[in-house]
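A short worksheet on the structure shown next.
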Amino acid sequence: MRIMVIGASRGLGRALVDGLAQGHELIGISRNRPADLPTGIQWIEADMSDPLQAVDDIEAQAPQHLDAIIYNLGIWETRAFEDDYSFLQDDDAQILEMVSVNIGATLLLLKRLLPRLLGGAKPQLILTGSTSALPQSGRPEVTFGASKFALKGIAETLREGFRDQRLAVTCLQLGYLNTQDGLHTPVEQAAQNGEGQLIPLHDVVALVRTLLSLSDASYVRELVLPAIADERF
């Protein structure tokens, strides 16, 4: 299976690259190419803060056929998830940049890449969302939350627009992740960090493996994955 991972250099994106490398052909996309990649992985360097240039670069270098796209890109406010976060103190330029990267760049890149995904035996699109896109999230980060609600809207409309071409679109609504422990850390140890408030990257990788292994007769529409001790859910 030929899989493109967008936002692949660190955190969850890097874990997906490491976790899916065996048995799949991977194309990673990020601003900079990591120095310690597994062998055989194609990498495209593109800065999504300049969406028009980035999508041109990716379109020029991407393979003509893709089986799956995992879109794992998003930025958030400087003080996001901090106790002193205040929307009224958010920088105007940063708000516009977040809208451009989290929404505008997503739309442009998917518009360019979908023709390379459609027509396959089982075209799949997996969008990494957030529990901030759910009504009961309890989070005050306005622009980040708005962009994740927008991502859910993108998923909903793409399903309807390309249902006759059997495009499977899954939105992963993820809670707080333990991004400090990569797949090299035993999952039991990674699960202990955060005392039930953080999700090991291993769990997300395992879910993505399952999604990719489904037959073409079904798909997962939306999946909510909070940490076990997250009282919001």
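A note on labels: chains of the structure tokens are A, B, ... as shown, every chain counts residues from 1, and ligands are counted from 1 in their shown order.
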
Can you tell me, as a PyMOL selection string, which residues in stretch 117-164 of chain A count as strand (DSSP E or B) by DSSP?
chain A and resi 124-128

Test item: residues at most 12 Å from A:Glu231, only C-alpha atoms, excluding those fewer than 3 positions along its chain, as JSON, numbers by chain
{"A": [136, 137, 138, 175, 196, 197, 226, 227, 228]}

Taking only C-alpha atoms into account, which of A:Pro186, A:Gly23, A:Gly28, A:Pro135 comes nearest A:Asn72?
A:Gly28

For stretch 49-71 of chain A versus stretch 29-34 of chain A, which residues have an atom no more than 10 Å away, and what is each residue's nearest atom pair and distance in Å rounded to one decimal, using only C-alpha atoms, chain-then-number order, as a Markdown table?
| residue | atom | partner | partner_atom | distance |
| --- | --- | --- | --- | --- |
| A:Ser49 | CA | A:Arg31 | CA | 9.2 |
| A:Ala54 | CA | A:Arg31 | CA | 9.2 |
| A:Ile58 | CA | A:Ile29 | CA | 8.1 |
| A:Ala62 | CA | A:Ile29 | CA | 9.7 |
| A:Tyr71 | CA | A:Ile29 | CA | 9.7 |

All residues 9 Å or closer to A:Ala146, only C-alpha atoms, same chain fewer than 4 positions away omitted, as a list in words:
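Non-adjacent residues within range: Val99, Ser132, Ala133, Glu141, Val142, Ala150 and Leu151 of chain A.
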
Test item: residues at most 12 Å from A:Pro115, only C-alpha atoms, excluding those fewer than 5 positions along its chain, as a list in words
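Residues meeting the cut-off are Glu59, Ala62, Pro63, Gln64, His65, Leu66, Asp67, Ala68, Ile69, Leu109, Leu110, Gly120, Pro123, Phe162, Gln165 and Leu167 of chain A.
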
Find the residues around A:Ile199 up to 7 Å (only C-alpha atoms counted), leave out those fewer than 5 positions away in its own chain, and share them as a PyMOL selection string.
chain A and resi 176-178+191+227

From the DSSP assignment of the backbone, select every residue of stretch 31-220 of chain A that is alpha helix (DSSP H), and format the answer as number ranges by chain.
A: 51-61, 92-99, 105-117, 142-161, 187-192, 201-213

At a cut-off of 7 Å, using only C-alpha atoms, what residues contact A:Lys152? Leave out same-chain residues fewer than 4 positions from it and give the result as a PyMOL selection string.
chain A and resi 148+156+171

Can you write just those residues out, N, CA, C and O atoms, as an mmCIF file, in the first residue's frame?
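Written file, selection16.cif:
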data_model
loop_
_atom_site.group_PDB
_atom_site.id
_atom_site.type_symbol
_atom_site.label_atom_id
_atom_site.label_comp_id
_atom_site.auth_asym_id
_atom_site.auth_seq_id
_atom_site.Cartn_x
_atom_site.Cartn_y
_atom_site.Cartn_z
ATOM 1 N N LYS A 148 -10.407 22.807 13.955
ATOM 2 C CA LYS A 148 -10.680 21.371 14.067
ATOM 3 C C LYS A 148 -12.149 21.076 13.757
ATOM 4 O O LYS A 148 -12.473 20.023 13.218
ATOM 5 N N GLU A 156 -16.850 15.550 6.347
ATOM 6 C CA GLU A 156 -18.263 15.302 6.036
ATOM 7 C C GLU A 156 -18.559 15.574 4.562
ATOM 8 O O GLU A 156 -19.247 14.789 3.897
ATOM 9 N N CYS A 171 -12.293 10.571 10.305
ATOM 10 C CA CYS A 171 -11.797 11.668 11.129
ATOM 11 C C CYS A 171 -11.473 11.116 12.513
ATOM 12 O O CYS A 171 -12.358 10.592 13.203
#

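Counting from atom CA of A:Ala190, the distance to atom CA of A:Leu125 is 27.4 Å.
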
For A:Ile126, which residue out of A:Thr39, A:Thr210, A:Gln53, A:Thr78 is the nearest one, using only C-alpha atoms?
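The closest residue to A:Ile126 is A:Thr210.
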
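Every protein, DNA or RNA residue with an atom at most 8 Å from A:Thr170, where only C-alpha atoms count and chain neighbours fewer than 4 positions away do not, is listed here: Gln124, Leu125, Ile126, Leu127, Ala155, Tyr219, Val220, Arg221, Glu222 and Leu223 of chain A.
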
Report, in Å with one decimal, the straight-line distance from atom CA of A:Gly104 to atom CA of A:Ile75.
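Separating atom CA of A:Gly104 from atom CA of A:Ile75 is a distance of 12.6 Å.
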
Option closest in space to A:Arg209, from A:Ile70, A:Met48, A:Ala8, A:Leu108 [counting only C-alpha atoms]:
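Under the stated criterion, the closest residue is A:Ile70.
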
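Picture a line from atom CA of A:Glu97 to atom CA of A:Ala35; it runs 27.6 Å.
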
Smallest atom-to-atom distance to A:Arg139: which of A:Asp164, A:Glu195, A:Asp56, A:Asp83, using only C-alpha atoms?
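Going through A:Asp164, A:Glu195, A:Asp56, A:Asp83 one by one, the smallest distance to A:Arg139 is for A:Asp83.
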
I'd like to know which of A:Asp18, A:Gly7, A:Leu96, A:Arg112 is closest to A:Gly74, using only C-alpha atoms.
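Closest to A:Gly74, using only C-alpha atoms: A:Gly7.
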
Which residue out of A:Ala93, A:Leu183, A:Ala80, A:Val101 has the minimum interatomic distance to A:Arg10 when only C-alpha atoms are used?
A:Leu183
